[in-house]
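The data block below is coords31.txt; it holds compact mmCIF, C-alpha atoms (C1' of nucleotides).
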```txt
# COMPACT_ATOMS: atom_id res chain seq x y z
CA MET A 50 -0.62 -18.35 1.88
CA ILE A 51 -0.54 -14.82 3.22
CA LEU A 52 2.76 -14.18 1.49
CA GLU A 53 1.28 -15.38 -1.80
CA LEU A 54 -1.70 -13.13 -1.15
CA GLN A 55 0.53 -10.09 -0.84
CA ARG A 56 2.48 -11.02 -3.93
CA ALA A 57 -0.67 -11.53 -6.01
CA THR A 58 -2.15 -8.23 -4.85
CA HIS A 59 1.05 -6.43 -5.66
CA ALA A 60 1.33 -8.03 -9.09
CA THR A 61 -2.25 -7.33 -10.15
CA LEU A 62 -2.08 -3.73 -8.94
CA GLN A 63 1.12 -3.29 -10.90
CA VAL A 64 -0.40 -4.55 -14.16
CA LEU A 65 -3.63 -2.69 -13.63
CA SER A 66 -2.04 0.68 -13.00
CA ALA A 67 0.26 0.15 -15.98
CA ARG A 68 -2.71 -0.52 -18.26
CA LEU A 69 -4.56 2.49 -16.91
CA ALA A 70 -1.56 4.82 -16.95
CA ASP A 71 -3.33 7.01 -19.53
CA LEU A 72 -5.91 7.97 -16.93
CA ASP A 73 -3.19 9.49 -14.74
CA LEU A 74 -4.79 8.39 -11.47
CA THR A 75 -3.16 7.13 -8.27
CA PRO A 76 -4.08 3.69 -6.89
CA SER A 77 -6.40 5.24 -4.31
CA GLU A 78 -8.09 7.33 -6.96
CA LEU A 79 -8.59 4.27 -9.15
CA ASN A 80 -9.99 2.41 -6.17
CA ALA A 81 -12.45 5.15 -5.24
CA LEU A 82 -13.61 5.73 -8.78
CA GLY A 83 -13.97 2.04 -9.55
CA ASN A 84 -16.00 1.55 -6.43
CA LEU A 85 -18.32 4.46 -7.14
CA GLY A 86 -18.87 3.12 -10.63
CA ARG A 87 -19.70 -0.33 -9.41
CA THR A 88 -22.55 0.81 -7.22
CA ALA A 89 -23.81 3.36 -9.68
CA SER A 90 -24.25 1.01 -12.60
CA GLY A 91 -24.45 -2.42 -11.08
CA ASP A 92 -25.75 -3.98 -7.95
CA ARG A 93 -28.18 -1.43 -6.65
CA PRO A 94 -29.09 1.00 -9.41
CA GLU A 95 -31.59 2.78 -7.22
CA GLU A 96 -28.72 4.00 -5.05
CA GLY A 97 -26.63 4.98 -8.03
CA ALA A 98 -26.98 8.63 -7.14
CA GLY A 99 -24.09 8.59 -4.70
CA ARG A 100 -22.45 7.35 -1.55
CA THR A 101 -21.31 9.07 1.60
CA VAL A 102 -17.62 9.51 2.36
CA SER A 103 -17.96 6.97 5.18
CA GLU A 104 -19.47 4.32 2.92
CA LEU A 105 -16.81 4.87 0.32
CA GLY A 106 -14.08 4.64 2.92
CA ALA A 107 -15.44 1.38 4.27
CA ALA A 108 -15.75 -0.08 0.77
CA THR A 109 -12.26 0.89 -0.36
CA GLY A 110 -10.38 0.48 2.89
CA THR A 111 -9.24 4.08 2.75
CA ARG A 112 -8.99 6.29 5.83
CA PRO A 113 -11.30 9.33 5.94
CA THR A 114 -8.27 11.57 6.18
CA THR A 115 -6.84 10.07 2.97
CA LEU A 116 -10.19 10.15 1.26
CA THR A 117 -10.50 13.89 1.69
CA GLY A 118 -7.39 14.44 -0.41
CA VAL A 119 -8.39 11.83 -2.97
CA LEU A 120 -11.84 13.37 -3.39
CA ASP A 121 -10.33 16.85 -3.59
CA ARG A 122 -8.29 15.81 -6.62
CA LEU A 123 -11.16 13.93 -8.28
CA GLU A 124 -13.45 16.89 -7.75
CA ARG A 125 -10.91 19.35 -9.14
CA ARG A 126 -10.67 17.22 -12.26
CA GLY A 127 -14.42 17.16 -12.69
CA LEU A 128 -14.85 13.42 -12.13
CA ILE A 129 -17.02 13.65 -9.02
CA THR A 130 -19.14 16.19 -7.17
CA ARG A 131 -19.78 16.60 -3.47
CA ALA A 132 -23.27 17.51 -2.30
CA ALA A 133 -25.24 17.67 0.92
CA HIS A 134 -26.92 14.50 2.12
CA PRO A 135 -30.72 14.94 2.27
CA GLY A 136 -31.21 13.00 5.50
CA ASP A 137 -28.12 13.94 7.49
CA ARG A 138 -26.65 17.37 7.01
CA ARG A 139 -23.32 16.31 8.50
CA ALA A 140 -22.79 13.78 5.72
CA VAL A 141 -21.48 14.42 2.20
CA LEU A 142 -22.81 12.63 -0.84
CA VAL A 143 -20.18 11.76 -3.45
CA THR A 144 -21.50 11.42 -6.99
CA LEU A 145 -19.89 10.61 -10.32
CA THR A 146 -20.13 13.17 -13.08
CA ALA A 147 -20.74 11.97 -16.63
CA GLU A 148 -17.00 12.04 -17.27
CA GLY A 149 -16.40 10.28 -13.97
CA ALA A 150 -18.85 7.54 -14.86
CA ALA A 151 -17.12 7.02 -18.21
CA THR A 152 -13.74 6.76 -16.48
CA ALA A 153 -15.17 4.35 -13.91
CA ALA A 154 -16.46 2.16 -16.72
CA VAL A 155 -12.97 1.98 -18.22
CA ILE A 156 -11.56 0.92 -14.85
CA THR A 157 -14.24 -1.70 -14.29
CA ARG A 158 -13.65 -3.19 -17.69
CA ALA A 159 -9.87 -3.29 -17.23
CA ILE A 160 -10.35 -5.24 -14.00
CA ALA A 161 -12.75 -7.68 -15.63
CA ASP A 162 -10.39 -8.17 -18.59
CA LEU A 163 -7.43 -8.85 -16.35
CA GLU A 164 -9.34 -11.44 -14.38
CA ARG A 165 -10.58 -13.19 -17.47
CA GLU A 166 -7.10 -13.40 -18.97
CA ALA A 167 -5.42 -14.64 -15.81
CA LEU A 168 -8.02 -17.17 -14.78
CA ALA A 169 -9.18 -18.48 -18.14
CA ASP A 170 -7.26 -21.76 -18.05
CA LEU A 171 -8.14 -22.79 -14.52
CA PRO A 172 -10.41 -25.76 -13.83
CA ALA A 173 -13.97 -24.90 -12.86
CA GLY A 174 -14.56 -24.50 -9.17
CA THR A 175 -11.06 -23.28 -8.45
CA VAL A 176 -12.04 -19.64 -8.48
CA GLU A 177 -14.98 -20.31 -6.18
CA ALA A 178 -12.66 -22.07 -3.75
CA ALA A 179 -10.29 -19.13 -3.82
CA LEU A 180 -13.13 -16.72 -3.06
CA THR A 181 -14.04 -18.85 -0.07
CA VAL A 182 -10.51 -18.60 1.29
CA LEU A 183 -10.32 -14.87 0.70
CA ARG A 184 -13.60 -14.29 2.53
CA ALA A 185 -12.41 -16.49 5.38
CA LEU A 186 -9.29 -14.37 5.70
CA THR A 187 -11.28 -11.18 5.56
CA MET B 196 -12.20 -11.58 -7.49
CA ILE B 197 -9.57 -8.84 -7.61
CA LEU B 198 -11.69 -6.69 -5.32
CA GLU B 199 -11.92 -9.57 -2.83
CA LEU B 200 -8.18 -9.98 -3.14
CA GLN B 201 -7.58 -6.39 -2.15
CA ARG B 202 -10.01 -6.61 0.72
CA ALA B 203 -8.43 -9.80 2.07
CA THR B 204 -4.94 -8.33 1.83
CA HIS B 205 -6.05 -5.21 3.60
CA ALA B 206 -7.81 -7.14 6.36
CA THR B 207 -4.95 -9.53 7.06
CA LEU B 208 -2.40 -6.73 7.10
CA GLN B 209 -4.60 -4.84 9.53
CA VAL B 210 -4.85 -7.75 11.96
CA LEU B 211 -1.20 -8.67 11.62
CA SER B 212 0.14 -5.21 12.30
CA ALA B 213 -2.24 -4.87 15.27
CA ARG B 214 -0.94 -8.11 16.77
CA LEU B 215 2.65 -7.07 16.19
CA ALA B 216 2.19 -3.49 17.37
CA ASP B 217 4.63 -4.14 20.22
CA LEU B 218 7.46 -4.52 17.72
CA ASP B 219 6.91 -0.94 16.50
CA LEU B 220 7.65 -1.75 12.87
CA THR B 221 6.02 -0.45 9.69
CA PRO B 222 4.44 -2.85 7.19
CA SER B 223 7.47 -2.65 4.91
CA GLU B 224 9.80 -3.32 7.82
CA LEU B 225 7.72 -6.34 8.88
CA ASN B 226 7.77 -7.58 5.31
CA ALA B 227 11.54 -7.25 4.93
CA LEU B 228 12.31 -8.79 8.29
CA GLY B 229 9.87 -11.67 7.84
CA ASN B 230 11.34 -12.41 4.46
CA LEU B 231 14.92 -12.40 5.71
CA GLY B 232 13.92 -14.74 8.51
CA ARG B 233 12.19 -17.14 6.20
CA THR B 234 15.28 -17.76 4.12
CA ALA B 235 17.61 -17.81 7.08
CA SER B 236 15.85 -20.52 9.05
CA GLY B 237 13.74 -22.38 6.57
CA ASP B 238 13.93 -23.29 2.94
CA ARG B 239 17.58 -22.96 2.17
CA PRO B 240 19.60 -22.91 5.39
CA GLU B 241 22.88 -22.90 3.54
CA GLU B 242 22.06 -19.40 2.27
CA GLY B 243 20.97 -18.19 5.65
CA ALA B 244 23.91 -15.82 5.77
CA GLY B 245 22.14 -13.05 3.87
CA ARG B 246 20.54 -11.69 0.75
CA THR B 247 21.34 -8.81 -1.53
CA VAL B 248 19.19 -5.71 -1.63
CA SER B 249 18.00 -6.69 -5.10
CA GLU B 250 16.90 -10.14 -3.98
CA LEU B 251 15.09 -8.73 -0.99
CA GLY B 252 13.37 -6.14 -3.13
CA ALA B 253 12.17 -8.77 -5.57
CA ALA B 254 10.91 -11.00 -2.78
CA THR B 255 9.02 -8.27 -0.93
CA GLY B 256 7.83 -6.20 -3.85
CA THR B 257 9.58 -3.13 -2.48
CA ARG B 258 11.37 -0.60 -4.66
CA PRO B 259 15.13 -0.26 -4.18
CA THR B 260 14.64 3.38 -3.30
CA THR B 261 12.16 2.46 -0.55
CA LEU B 262 14.31 -0.42 0.62
CA THR B 263 17.23 1.89 1.33
CA GLY B 264 15.17 3.78 3.89
CA VAL B 265 13.69 0.60 5.37
CA LEU B 266 17.12 -0.96 5.78
CA ASP B 267 18.50 2.26 7.24
CA ARG B 268 15.96 2.08 10.06
CA LEU B 269 16.42 -1.65 10.65
CA GLU B 270 20.19 -1.20 10.74
CA ARG B 271 19.96 1.74 13.14
CA ARG B 272 17.89 -0.45 15.47
CA GLY B 273 20.42 -3.25 15.35
CA LEU B 274 18.16 -5.78 13.61
CA ILE B 275 20.24 -6.18 10.45
CA THR B 276 23.74 -5.47 9.19
CA ARG B 277 24.94 -4.51 5.73
CA ALA B 278 28.16 -6.02 4.45
CA ALA B 279 30.08 -6.33 1.20
CA HIS B 280 29.13 -9.18 -1.12
CA PRO B 281 32.07 -11.55 -1.68
CA GLY B 282 31.44 -12.17 -5.37
CA ASP B 283 30.20 -8.77 -6.55
CA ARG B 284 31.57 -5.68 -4.90
CA ARG B 285 28.70 -3.53 -6.17
CA ALA B 286 26.19 -5.61 -4.20
CA VAL B 287 25.32 -5.34 -0.51
CA LEU B 288 24.61 -8.37 1.64
CA VAL B 289 21.82 -7.88 4.19
CA THR B 290 22.05 -10.13 7.24
CA LEU B 291 19.92 -10.55 10.36
CA THR B 292 21.56 -9.94 13.71
CA ALA B 293 20.71 -12.25 16.62
CA GLU B 294 18.05 -9.78 17.75
CA GLY B 295 16.81 -9.44 14.19
CA ALA B 296 16.48 -13.21 13.85
CA ALA B 297 14.48 -13.37 17.08
CA THR B 298 12.15 -10.63 15.84
CA ALA B 299 11.78 -12.36 12.48
CA ALA B 300 10.77 -15.56 14.27
CA VAL B 301 8.01 -13.70 16.10
CA ILE B 302 6.71 -12.33 12.80
CA THR B 303 6.82 -15.71 11.09
CA ARG B 304 4.91 -17.32 13.91
CA ALA B 305 2.26 -14.58 13.95
CA ILE B 306 1.65 -15.13 10.24
CA ALA B 307 1.38 -18.90 10.68
CA ASP B 308 -1.00 -18.49 13.62
CA LEU B 309 -3.24 -16.14 11.70
CA GLU B 310 -3.45 -18.50 8.78
CA ARG B 311 -4.27 -21.45 10.96
CA GLU B 312 -7.04 -19.61 12.76
CA ALA B 313 -8.65 -18.22 9.62
CA LEU B 314 -8.47 -21.34 7.50
CA ALA B 315 -9.05 -24.07 10.07
CA ASP B 316 -12.67 -24.78 9.19
CA LEU B 317 -12.27 -24.93 5.42
CA PRO B 318 -12.66 -28.19 3.50
CA ALA B 319 -9.44 -29.82 2.36
CA GLY B 320 -8.26 -28.79 -1.07
CA THR B 321 -9.75 -25.33 -0.85
CA VAL B 322 -6.51 -23.72 0.22
CA GLU B 323 -4.59 -25.46 -2.57
CA ALA B 324 -7.12 -24.16 -5.08
CA ALA B 325 -6.72 -20.66 -3.73
CA LEU B 326 -2.94 -20.87 -4.05
CA THR B 327 -3.39 -21.91 -7.68
CA VAL B 328 -5.51 -18.85 -8.37
CA LEU B 329 -3.08 -16.52 -6.60
CA ARG B 330 -0.14 -17.86 -8.58
CA ALA B 331 -2.13 -17.52 -11.80
CA LEU B 332 -2.78 -13.88 -10.99
CA THR B 333 0.85 -13.28 -10.11
C1' DT C 286 27.87 0.16 -21.54
C1' DA C 287 25.12 -1.98 -18.01
C1' DT C 288 24.15 -2.93 -13.17
C1' DT C 289 24.04 -2.22 -7.77
C1' DG C 290 22.83 0.55 -4.43
C1' DT C 291 22.29 5.24 -2.79
C1' DT C 292 20.72 10.09 -2.89
C1' DA C 293 17.46 13.92 -4.20
C1' DT C 294 12.92 15.62 -5.16
C1' DA C 295 8.17 15.81 -5.24
C1' DC C 296 3.83 13.64 -4.42
C1' DT C 297 0.73 10.29 -2.22
C1' DC C 298 -0.77 7.46 1.79
C1' DT C 299 -1.07 6.87 6.71
C1' DA C 300 -1.77 7.71 11.79
C1' DT C 301 -2.97 10.90 15.19
C1' DA C 302 -5.17 14.64 16.97
C1' DA C 303 -7.85 18.76 16.85
C1' DC C 304 -11.65 21.21 14.88
C1' DT C 305 -16.65 22.39 12.73
C1' DA C 306 -21.16 21.45 12.09
C1' DT C 307 -24.42 18.79 12.90
C1' DA C 308 -27.14 14.92 15.50
C1' DT D 58 -22.14 13.41 24.17
C1' DA D 59 -21.34 11.30 19.74
C1' DT D 60 -20.80 11.32 14.69
C1' DA D 61 -19.39 13.08 9.66
C1' DG D 62 -16.12 15.26 7.41
C1' DT D 63 -12.16 18.37 7.17
C1' DT D 64 -7.67 20.26 8.46
C1' DA D 65 -2.90 20.01 10.30
C1' DT D 66 1.31 17.67 11.07
C1' DA D 67 4.79 14.36 10.74
C1' DG D 68 6.42 9.96 9.12
C1' DA D 69 6.55 6.45 5.49
C1' DG D 70 5.95 4.60 0.56
C1' DT D 71 6.35 5.67 -4.44
C1' DA D 72 8.14 7.17 -9.04
C1' DT D 73 11.61 9.40 -11.43
C1' DA D 74 16.01 10.83 -12.32
C1' DA D 75 20.77 11.27 -11.30
C1' DC D 76 25.01 9.54 -9.34
C1' DA D 77 29.39 6.72 -7.76
C1' DA D 78 31.39 2.36 -7.75
C1' DT D 79 31.89 -1.76 -10.03
C1' DA D 80 31.08 -5.22 -13.68
```
Would you put the structure from the file into structure tokens?
Amino acid sequence: MILELQRATHATLQVLSARLADLDLTPSELNALGNLGRTASGDRPEEGAGRTVSELGAATGTRPTTLTGVLDRLERRGLITRAAHPGDRRAVLVTLTAEGAATAAVITRAIADLEREALADLPAGTVEAALTVLRALT
Amino acid sequence: MILELQRATHATLQVLSARLADLDLTPSELNALGNLGRTASGDRPEEGAGRTVSELGAATGTRPTTLTGVLDRLERRGLITRAAHPGDRRAVLVTLTAEGAATAAVITRAIADLEREALADLPAGTVEAALTVLRALT
DNA sequence: TATTGTTATACTCTATAACTATA
DNA sequence: TATAGTTATAGAGTATAACAATA
């Protein structure tokens, strides 16, 4: 099971980064950007303004020390901005720029497409069962 | 789905490497060693003698260029040996030493334990469904 | 000519620890 | 005293290209 898990993760990441090669982003950069986009446009629009570095790190499974470098590159390319957090002046609020949001949308769609293609022919309920297992492992 | 996949992979790797911290091996080294052990003792005992670098790379999802460094360290620590392949003199046969086989057994058991603990309470059939999804993604 | 494994280079990710500015 | 983020350092993974030995 766990070996299959690793293989599947590796395979999907491979395909995904190949399809998004035009964006010229590393896996961690894709991960960060995709995650920022998901919150900004989806689940909780009222919080779309940004996330702290800590929140982003927890969501992406990236160490703070790695995230600093990732965010440096994304900021230099104009995809995100860093600003002070209103409530806590130690914290940094990471926000997508317009270009960053557009890039994030491309990433989100590529992920959705890949899933649809791979899982289209499976019997109903199978995907739900798989999600249950994944959450149990997590 | 794919996001859950990444999270689950990350979480299991985290726990696994914490439990095996005593071995002082990197994730790639654990992966290579566990894979060598699996073939040696399990599925196809008659091939237990070794695997080529290419085969190992395909099984673990590790690049040849990374594998060279991984195998260098494992060889230096006396866990594997590299020998000439009988049939093809370009190829290298990677074999577990006695100590390497013992270490591989520890890794294999840790993985099995982790799976059992995490998936014990799930309804029958759920795990099979998850495997179907993972293979579809792969 | 193509393939196996290694080497070289440059960049990214990681772990650890120290540091700053806040709280 | 503790937390958020950054910096510094060293080791490990990756892609890419080149190479020697062999097929």
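Considering the residues B:Arg246, B:Arg258, B:Arg304, B:His205 and counting only C-alpha atoms, chain A has its shortest atom-to-atom contact with B:His205.
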10 Å contacts from chain C to chain B using all atoms listed in the file, as a tab-separated table (two decimals) with C-alpha atoms (C1' of nucleotides), keeping the file's coordinate frame:
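Saved the output as out-v2.tsv:
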```tsv
chain	number	residue	atom	x	y	z
C	288	DT	C1'	24.15	-2.93	-13.17
C	289	DT	C1'	24.04	-2.22	-7.77
C	290	DG	C1'	22.83	0.55	-4.43
C	291	DT	C1'	22.29	5.24	-2.79
C	292	DT	C1'	20.72	10.09	-2.89
```
9 Å contacts from chain B to chain A using only C-alpha atoms, as a PDB file with C-alpha atoms, in the coordinates of the input:
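Printed below is out_27.pdb as written:
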```pdb
ATOM      1  CA  MET B 196     -12.200 -11.580  -7.490  1.00  0.00           C
ATOM      2  CA  ILE B 197      -9.570  -8.840  -7.610  1.00  0.00           C
ATOM      3  CA  LEU B 198     -11.690  -6.690  -5.320  1.00  0.00           C
ATOM      4  CA  GLU B 199     -11.920  -9.570  -2.830  1.00  0.00           C
ATOM      5  CA  LEU B 200      -8.180  -9.980  -3.140  1.00  0.00           C
ATOM      6  CA  GLN B 201      -7.580  -6.390  -2.150  1.00  0.00           C
ATOM      7  CA  ARG B 202     -10.010  -6.610   0.720  1.00  0.00           C
ATOM      8  CA  ALA B 203      -8.430  -9.800   2.070  1.00  0.00           C
ATOM      9  CA  THR B 204      -4.940  -8.330   1.830  1.00  0.00           C
ATOM     10  CA  HIS B 205      -6.050  -5.210   3.600  1.00  0.00           C
ATOM     11  CA  ALA B 206      -7.810  -7.140   6.360  1.00  0.00           C
ATOM     12  CA  THR B 207      -4.950  -9.530   7.060  1.00  0.00           C
ATOM     13  CA  ALA B 254      10.910 -11.000  -2.780  1.00  0.00           C
ATOM     14  CA  THR B 255       9.020  -8.270  -0.930  1.00  0.00           C
ATOM     15  CA  GLY B 256       7.830  -6.200  -3.850  1.00  0.00           C
ATOM     16  CA  ILE B 306       1.650 -15.130  10.240  1.00  0.00           C
ATOM     17  CA  ALA B 307       1.380 -18.900  10.680  1.00  0.00           C
ATOM     18  CA  LEU B 309      -3.240 -16.140  11.700  1.00  0.00           C
ATOM     19  CA  GLU B 310      -3.450 -18.500   8.780  1.00  0.00           C
ATOM     20  CA  ALA B 313      -8.650 -18.220   9.620  1.00  0.00           C
ATOM     21  CA  LEU B 314      -8.470 -21.340   7.500  1.00  0.00           C
ATOM     22  CA  LEU B 317     -12.270 -24.930   5.420  1.00  0.00           C
ATOM     23  CA  GLY B 320      -8.260 -28.790  -1.070  1.00  0.00           C
ATOM     24  CA  THR B 321      -9.750 -25.330  -0.850  1.00  0.00           C
ATOM     25  CA  VAL B 322      -6.510 -23.720   0.220  1.00  0.00           C
ATOM     26  CA  GLU B 323      -4.590 -25.460  -2.570  1.00  0.00           C
ATOM     27  CA  ALA B 324      -7.120 -24.160  -5.080  1.00  0.00           C
ATOM     28  CA  ALA B 325      -6.720 -20.660  -3.730  1.00  0.00           C
ATOM     29  CA  LEU B 326      -2.940 -20.870  -4.050  1.00  0.00           C
ATOM     30  CA  THR B 327      -3.390 -21.910  -7.680  1.00  0.00           C
ATOM     31  CA  VAL B 328      -5.510 -18.850  -8.370  1.00  0.00           C
ATOM     32  CA  LEU B 329      -3.080 -16.520  -6.600  1.00  0.00           C
ATOM     33  CA  ARG B 330      -0.140 -17.860  -8.580  1.00  0.00           C
ATOM     34  CA  ALA B 331      -2.130 -17.520 -11.800  1.00  0.00           C
ATOM     35  CA  LEU B 332      -2.780 -13.880 -10.990  1.00  0.00           C
ATOM     36  CA  THR B 333       0.850 -13.280 -10.110  1.00  0.00           C
TER      37      THR B 333
END
```
Item to complete: Check every residue of chain D for an atom within 7 Å of chain B, counting all atoms listed in the file, and provide those that qualify as a PyMOL selection string.
Response: chain D and resi 70+78-79
Response to the item:
Taken to one decimal, the atom CA of B:Arg311-atom CA of B:Ala216 distance is 20.1 Å
Worksheet entry | Residue list as a ChimeraX atom specification for point (-5.8, 18.9, 12.2), cut-off 8 Å, all atoms listed in the file | /C:302-304 /D:64-66
